[in-house]
Amino acid sequence: MDDGAARRTSQFCRILGNPLAYRIVRLLDGGRRRRPMELARLLGASATSVVNQLKHLKIAGVVHFRSGGVRHAGRKVEYWLADRHLGRCVGDLERRLRELR
């Protein structure tokens, strides 16, 4: 593994070390597109916390987003996983870790 790949993988693992970011990725699994306010409601978290984690996920290249025009409190912005396999990998990891117990 080259240094760049090691850095990207390490960054991804650090981000997923945050339980909220991890739960966001799980909710975006399966090609689902969700808005920040919807994620906040589903997670029982503040919109500010969700948007902050989405920012980190976006910087790491884990999620993409699209703005549907004029935004009002984030209602027009949708986020989805940059690669549909990421959610599957995270789910597989979760299952493997459960088996280790």
# chains A, B, ... in the order shown; residues from 1 in each chain; ligands from 1

call {"tool": "residues_around", "arguments": {"residues": "segment 5-14 of chain A", "least_positions_apart": "5", "cutoff": "10 Å", "atoms": "only C-alpha atoms", "output": "PyMOL selection string"}}
result
chain A and resi 21-22+56-57+60-62

call {"tool": "write_last_selection", "arguments": {"atoms": "C-alpha atoms", "output": "mmCIF file, in the first residue's frame"}}
result
data_model
loop_
_atom_site.group_PDB
_atom_site.id
_atom_site.type_symbol
_atom_site.label_atom_id
_atom_site.label_comp_id
_atom_site.auth_asym_id
_atom_site.auth_seq_id
_atom_site.Cartn_x
_atom_site.Cartn_y
_atom_site.Cartn_z
ATOM 1 C CA ALA A 21 -20.398 9.760 11.357
ATOM 2 C CA TYR A 22 -20.578 5.966 11.419
ATOM 3 C CA HIS A 56 -15.836 15.786 7.421
ATOM 4 C CA LEU A 57 -17.257 12.937 5.341
ATOM 5 C CA ALA A 60 -12.663 12.713 2.997
ATOM 6 C CA GLY A 61 -14.532 11.918 -0.232
ATOM 7 C CA VAL A 62 -16.943 9.550 1.513
#

call {"tool": "select_by_dssp", "arguments": {"residues": "segment 15-75 of chain A", "states": "helix (DSSP H, G or I)", "output": "ChimeraX atom specification"}}
result
/A:15-16,19-31,36-43,47-59

call {"tool": "residues_around", "arguments": {"residues": "Tyr79 of chain A", "least_positions_apart": "2", "cutoff": "9 Å", "atoms": "only C-alpha atoms", "output": "PyMOL selection string"}}
result
chain A and resi 28+32-36+54+63-66+77+81

call {"tool": "write_last_selection", "arguments": {"atoms": "C-alpha atoms", "output": "compact mmCIF listing (two decimals), in the first residue's frame"}}
result
# COMPACT_ATOMS: atom_id res chain seq x y z
CA LEU A 28 -26.78 6.42 3.52
CA ARG A 32 -30.13 6.41 -0.24
CA ARG A 33 -30.05 10.18 -0.57
CA ARG A 34 -30.88 12.06 2.58
CA ARG A 35 -31.07 15.64 3.73
CA PRO A 36 -29.27 16.85 6.86
CA LEU A 54 -21.22 15.51 6.78
CA VAL A 63 -20.10 11.45 0.55
CA HIS A 64 -21.25 13.59 -2.33
CA PHE A 65 -23.91 16.25 -2.13
CA ARG A 66 -26.25 18.15 -4.40
CA VAL A 77 -29.22 19.67 0.05
CA LEU A 81 -22.27 7.82 -0.38

call {"tool": "closest_residue", "arguments": {"among": "A:Arg101, A:Ala82, A:Gly4, A:Val90", "to": "Leu16 of chain A", "atoms": "only C-alpha atoms"}}
result
A:Val90

call {"tool": "atom_distance", "arguments": {"atom1": "atom CA of Met37 of chain A", "atom2": "atom CA of Val50 of chain A"}}
result
8.2 Å
